[in-house]
$ cat target36.cif   # mmCIF, C-alpha atoms
data_data
#
loop_
_atom_site.label_atom_id
_atom_site.label_comp_id
_atom_site.auth_asym_id
_atom_site.auth_seq_id
_atom_site.Cartn_x
_atom_site.Cartn_y
_atom_site.Cartn_z
CA MET A 30 9.13 15.90 7.08
CA VAL A 31 8.84 17.90 10.33
CA TYR A 32 10.15 21.47 10.53
CA SER A 33 10.35 23.76 13.54
CA PHE A 34 10.44 27.53 13.74
CA GLY A 35 10.87 30.08 16.50
CA GLU A 36 13.51 31.55 18.80
CA GLY A 37 15.01 33.53 15.90
CA ARG A 38 15.44 30.60 13.51
CA ALA A 39 13.49 28.26 11.30
CA ASP A 40 14.16 24.97 9.54
CA GLY A 41 12.38 26.42 6.51
CA SER A 42 12.00 29.61 4.52
CA ALA A 43 9.70 31.29 2.00
CA ALA A 44 11.45 29.27 -0.72
CA MET A 45 9.85 26.11 0.75
CA ARG A 46 6.29 27.25 0.08
CA ASP A 47 5.39 23.99 -1.72
CA ILE A 48 6.38 21.98 1.35
CA LEU A 49 5.31 24.31 4.16
CA GLY A 50 2.33 25.97 2.51
CA GLY A 51 1.84 29.71 2.27
CA LYS A 52 1.17 30.35 5.94
CA GLY A 53 3.93 27.98 7.05
CA ALA A 54 6.48 29.65 4.78
CA GLY A 55 5.40 33.03 6.12
CA LEU A 56 5.75 31.86 9.72
CA ALA A 57 9.21 30.48 8.96
CA GLU A 58 10.22 33.85 7.50
CA MET A 59 8.87 35.67 10.57
CA ALA A 60 10.92 33.39 12.82
CA ASN A 61 14.03 33.93 10.68
CA LEU A 62 13.55 37.67 11.18
CA GLY A 63 13.48 37.14 14.95
CA LEU A 64 9.75 37.67 15.49
CA PRO A 65 8.29 35.53 18.30
CA SER A 66 6.34 32.84 16.47
CA PRO A 67 7.30 29.37 17.73
CA GLY A 68 5.73 26.40 16.01
CA VAL A 69 6.08 23.14 14.12
CA HIS A 70 5.27 22.33 10.51
CA ILE A 71 4.33 18.77 9.65
CA SER A 72 4.59 18.38 5.91
CA ALA A 73 1.63 17.36 3.80
CA LYS A 74 3.75 14.42 2.66
CA LEU A 75 3.85 13.07 6.22
CA CYS A 76 0.09 13.60 6.53
CA ILE A 77 -0.50 11.59 3.36
CA THR A 78 1.85 8.87 4.64
CA TYR A 79 -0.19 8.78 7.85
CA LEU A 80 -3.43 8.36 5.91
CA ASP A 81 -1.98 5.65 3.63
CA ARG A 82 -0.20 3.68 6.35
CA ALA A 83 1.17 4.19 9.82
CA PRO A 84 4.08 6.64 9.89
CA SER A 85 7.50 5.25 10.71
CA ARG A 86 8.76 5.14 14.26
CA ARG A 87 11.36 7.71 13.22
CA SER A 88 8.64 10.12 12.01
CA ARG A 89 6.65 9.71 15.24
CA GLU A 90 9.79 10.34 17.29
CA GLU A 91 10.56 13.46 15.26
CA VAL A 92 7.06 14.85 15.83
CA ASP A 93 7.38 14.12 19.57
CA ARG A 94 10.81 15.78 19.70
CA GLN A 95 9.54 18.89 17.93
CA LEU A 96 6.51 19.08 20.21
CA LYS A 97 8.77 18.95 23.27
CA GLN A 98 10.87 21.76 21.77
CA LEU A 99 7.70 23.81 21.24
CA GLU A 100 6.66 23.17 24.84
CA ARG A 101 10.04 24.45 26.07
CA ALA A 102 9.88 27.56 23.86
CA SER A 103 6.31 28.43 24.90
CA LYS A 104 6.62 27.35 28.55
CA LYS A 105 3.33 25.50 28.09
CA ARG A 106 2.46 21.83 27.88
CA PHE A 107 0.33 20.00 25.34
CA GLY A 108 -2.63 18.41 27.15
CA ASP A 109 -2.03 20.30 30.41
CA ALA A 110 -5.31 21.60 31.83
CA GLY A 111 -3.64 24.34 33.88
CA ASN A 112 -1.16 25.71 31.33
CA PRO A 113 -2.19 24.30 27.96
CA LEU A 114 -0.16 24.58 24.79
CA LEU A 115 -2.73 25.62 22.22
CA VAL A 116 -2.07 24.57 18.65
CA SER A 117 -3.58 25.44 15.32
CA VAL A 118 -3.84 22.65 12.80
CA ARG A 119 -4.04 23.64 9.16
CA SER A 120 -4.85 21.29 6.36
CA GLY A 121 -2.69 20.82 3.30
CA ALA A 122 -5.46 22.33 1.18
CA ARG A 123 -3.18 22.35 -1.84
CA TYR A 124 -3.01 18.56 -1.61
CA ARG A 125 -5.94 16.25 -1.97
CA CYS A 126 -5.96 14.07 1.13
CA ARG A 127 -7.69 10.76 1.15
CA GLY A 128 -9.50 9.33 4.11
#
$ encode --input "target36.cif" --output "structure tokens"
Amino acid sequence: MVYSFGEGRADGSAAMRDILGGKGAGLAEMANLGLPSPGVHISAKLCITYLDRAPSRRSREEVDRQLKQLERASKKRFGDAGNPLLVSVRSGARYRCRG
């Protein structure tokens, strides 16, 4: 439920638009073409799981692993005041989230 993209490859593609959303699928395609666009997609399904109940330990570990990979690719660190990794969070607007 967590997909990374960047460094000339992506876990997803334009064919996964329903899972990644329009912008996410586009970013995956850009990465597959070799354009510099590192990032992480967290599926709407995982978001809904989070709202309904706590995500599994495995899901949390996967998000942490992907975030560390993004930090390495960007040479920035999430939460670092001196060299912050800035992220953009997009909602799964196609899905009705509760909460």
$ residues_around --input "target36.cif" --residues "Arg101 in chain A" --least-positions-apart "4" --cutoff "12 Å" --atoms "only C-alpha atoms" --output "MDAnalysis selection string"
chainID A and resid 35:36 67:68 94:97 105:107 114
$ resolve_selection --input "target36.cif" --expression "the PyMOL selection byres ((chain A and resi 41-52) around 9)" --output "short mmCIF file (atom, residue, chain, number, x, y, z; two decimals) with C-alpha atoms, in the frame of the given file"
data_model
loop_
_atom_site.label_atom_id
_atom_site.label_comp_id
_atom_site.auth_asym_id
_atom_site.auth_seq_id
_atom_site.Cartn_x
_atom_site.Cartn_y
_atom_site.Cartn_z
CA MET A 30 9.13 15.90 7.08
CA TYR A 32 10.15 21.47 10.53
CA SER A 33 10.35 23.76 13.54
CA PHE A 34 10.44 27.53 13.74
CA ARG A 38 15.44 30.60 13.51
CA ALA A 39 13.49 28.26 11.30
CA ASP A 40 14.16 24.97 9.54
CA GLY A 53 3.93 27.98 7.05
CA ALA A 54 6.48 29.65 4.78
CA GLY A 55 5.40 33.03 6.12
CA LEU A 56 5.75 31.86 9.72
CA ALA A 57 9.21 30.48 8.96
CA GLU A 58 10.22 33.85 7.50
CA ASN A 61 14.03 33.93 10.68
CA HIS A 70 5.27 22.33 10.51
CA ILE A 71 4.33 18.77 9.65
CA SER A 72 4.59 18.38 5.91
CA ALA A 73 1.63 17.36 3.80
CA LYS A 74 3.75 14.42 2.66
CA GLY A 121 -2.69 20.82 3.30
CA ALA A 122 -5.46 22.33 1.18
CA ARG A 123 -3.18 22.35 -1.84
#
$ residues_near_point --input "target36.cif" --point "(10.7, 9.2, 7.5)" --cutoff "8 Å" --atoms "all atoms listed in the file" --output "list in words"
Met30, Leu75, Pro84, Ser85, Arg87 and Ser88 of chain A
$ atom_distance --input "target36.cif" --atom1 "CA of Gly63 in chain A" --atom2 "CA of Val31 in chain A"
20.3 Å
$ atom_distance --input "target36.cif" --atom1 "CA of Ala110 in chain A" --atom2 "CA of Glu90 in chain A"
23.8 Å
$ atom_distance --input "target36.cif" --atom1 "CA of Asp93 in chain A" --atom2 "CA of Leu64 in chain A"
24.0 Å
$ decode --input "target36.cif" --residues "range 70-113 of chain A" --atoms "N, CA and C atoms" --output "tab-separated table (two decimals), in the first residue's frame"
chain	number	residue	atom	x	y	z
A	70	HIS	N	4.17	7.36	-2.54
A	70	HIS	CA	2.71	7.34	-2.59
A	70	HIS	C	2.23	6.45	-1.45
A	71	ILE	N	1.30	6.94	-0.67
A	71	ILE	CA	0.62	6.11	0.32
A	71	ILE	C	-0.80	5.97	-0.20
A	72	SER	N	-1.21	4.76	-0.45
A	72	SER	CA	-2.51	4.54	-1.10
A	72	SER	C	-3.67	5.02	-0.24
A	73	ALA	N	-4.74	5.39	-0.91
A	73	ALA	CA	-5.96	5.80	-0.20
A	73	ALA	C	-6.46	4.67	0.68
A	74	LYS	N	-6.24	3.44	0.26
A	74	LYS	CA	-6.66	2.28	1.05
A	74	LYS	C	-5.96	2.28	2.42
A	75	LEU	N	-4.68	2.60	2.45
A	75	LEU	CA	-3.96	2.66	3.72
A	75	LEU	C	-4.47	3.82	4.56
A	76	CYS	N	-4.80	4.93	3.93
A	76	CYS	CA	-5.36	6.08	4.65
A	76	CYS	C	-6.68	5.70	5.32
A	77	ILE	N	-7.53	5.01	4.57
A	77	ILE	CA	-8.82	4.60	5.12
A	77	ILE	C	-8.62	3.60	6.26
A	78	THR	N	-7.65	2.70	6.11
A	78	THR	CA	-7.32	1.76	7.19
A	78	THR	C	-6.89	2.52	8.43
A	79	TYR	N	-6.08	3.56	8.23
A	79	TYR	CA	-5.61	4.38	9.35
A	79	TYR	C	-6.78	5.05	10.06
A	80	LEU	N	-7.75	5.55	9.30
A	80	LEU	CA	-8.90	6.21	9.91
A	80	LEU	C	-9.82	5.23	10.62
A	81	ASP	N	-9.95	4.01	10.10
A	81	ASP	CA	-10.82	3.01	10.69
A	81	ASP	C	-10.21	2.34	11.92
A	82	ARG	N	-8.92	2.11	11.85
A	82	ARG	CA	-8.20	1.45	12.95
A	82	ARG	C	-6.71	1.72	12.75
A	83	ALA	N	-5.93	1.44	13.73
A	83	ALA	CA	-4.50	1.66	13.61
A	83	ALA	C	-3.92	0.78	12.51
A	84	PRO	N	-3.03	1.33	11.67
A	84	PRO	CA	-2.42	0.50	10.64
A	84	PRO	C	-1.53	-0.57	11.26
A	85	SER	N	-1.28	-1.62	10.53
A	85	SER	CA	-0.46	-2.71	11.04
A	85	SER	C	0.98	-2.24	11.24
A	86	ARG	N	1.68	-2.97	12.05
A	86	ARG	CA	3.10	-2.68	12.28
A	86	ARG	C	3.84	-2.75	10.95
A	87	ARG	N	3.49	-3.72	10.13
A	87	ARG	CA	4.12	-3.88	8.82
A	87	ARG	C	3.91	-2.63	7.94
A	88	SER	N	2.71	-2.08	7.96
A	88	SER	CA	2.43	-0.87	7.17
A	88	SER	C	3.23	0.31	7.69
A	89	ARG	N	3.30	0.47	9.00
A	89	ARG	CA	4.09	1.57	9.58
A	89	ARG	C	5.57	1.42	9.22
A	90	GLU	N	6.08	0.19	9.29
A	90	GLU	CA	7.48	-0.05	8.94
A	90	GLU	C	7.74	0.25	7.46
A	91	GLU	N	6.79	-0.08	6.61
A	91	GLU	CA	6.94	0.20	5.18
A	91	GLU	C	6.96	1.71	4.91
A	92	VAL	N	6.09	2.46	5.56
A	92	VAL	CA	6.11	3.91	5.42
A	92	VAL	C	7.44	4.47	5.90
A	93	ASP	N	7.92	4.00	7.05
A	93	ASP	CA	9.21	4.47	7.57
A	93	ASP	C	10.35	4.14	6.61
A	94	ARG	N	10.34	2.93	6.05
A	94	ARG	CA	11.39	2.51	5.12
A	94	ARG	C	11.38	3.40	3.86
A	95	GLN	N	10.20	3.67	3.35
A	95	GLN	CA	10.09	4.51	2.15
A	95	GLN	C	10.52	5.94	2.44
A	96	LEU	N	10.19	6.44	3.62
A	96	LEU	CA	10.61	7.79	4.00
A	96	LEU	C	12.13	7.88	4.08
A	97	LYS	N	12.76	6.87	4.64
A	97	LYS	CA	14.23	6.84	4.72
A	97	LYS	C	14.84	6.82	3.31
A	98	GLN	N	14.22	6.07	2.40
A	98	GLN	CA	14.69	6.02	1.02
A	98	GLN	C	14.56	7.40	0.37
A	99	LEU	N	13.47	8.09	0.64
A	99	LEU	CA	13.27	9.44	0.11
A	99	LEU	C	14.30	10.41	0.68
A	100	GLU	N	14.61	10.26	1.95
A	100	GLU	CA	15.64	11.10	2.57
A	100	GLU	C	16.99	10.89	1.88
A	101	ARG	N	17.33	9.64	1.61
A	101	ARG	CA	18.60	9.36	0.93
A	101	ARG	C	18.63	9.96	-0.47
A	102	ALA	N	17.54	9.80	-1.20
A	102	ALA	CA	17.47	10.30	-2.58
A	102	ALA	C	17.54	11.82	-2.64
A	103	SER	N	16.93	12.49	-1.67
A	103	SER	CA	16.88	13.96	-1.68
A	103	SER	C	18.02	14.62	-0.92
A	104	LYS	N	18.74	13.80	-0.13
A	104	LYS	CA	19.81	14.32	0.73
A	104	LYS	C	19.27	15.35	1.72
A	105	LYS	N	18.04	15.14	2.15
A	105	LYS	CA	17.38	15.97	3.15
A	105	LYS	C	16.79	15.06	4.20
A	106	ARG	N	16.37	15.66	5.33
A	106	ARG	CA	15.85	14.83	6.41
A	106	ARG	C	14.52	15.38	6.92
A	107	PHE	N	13.55	14.51	7.02
A	107	PHE	CA	12.23	14.88	7.52
A	107	PHE	C	12.35	15.34	8.97
A	108	GLY	N	11.88	16.55	9.27
A	108	GLY	CA	11.94	17.09	10.62
A	108	GLY	C	13.22	17.82	10.96
A	109	ASP	N	14.16	17.88	10.04
A	109	ASP	CA	15.45	18.55	10.27
A	109	ASP	C	15.28	20.05	10.03
A	110	ALA	N	15.58	20.84	11.03
A	110	ALA	CA	15.41	22.30	10.90
A	110	ALA	C	16.42	22.92	9.93
A	111	GLY	N	17.61	22.34	9.81
A	111	GLY	CA	18.64	22.91	8.96
A	111	GLY	C	18.56	22.48	7.50
A	112	ASN	N	18.10	21.28	7.25
A	112	ASN	CA	18.02	20.75	5.88
A	112	ASN	C	16.74	19.92	5.76
A	113	PRO	N	15.60	20.59	5.82
A	113	PRO	CA	14.34	19.85	5.91
A	113	PRO	C	13.91	19.19	4.60
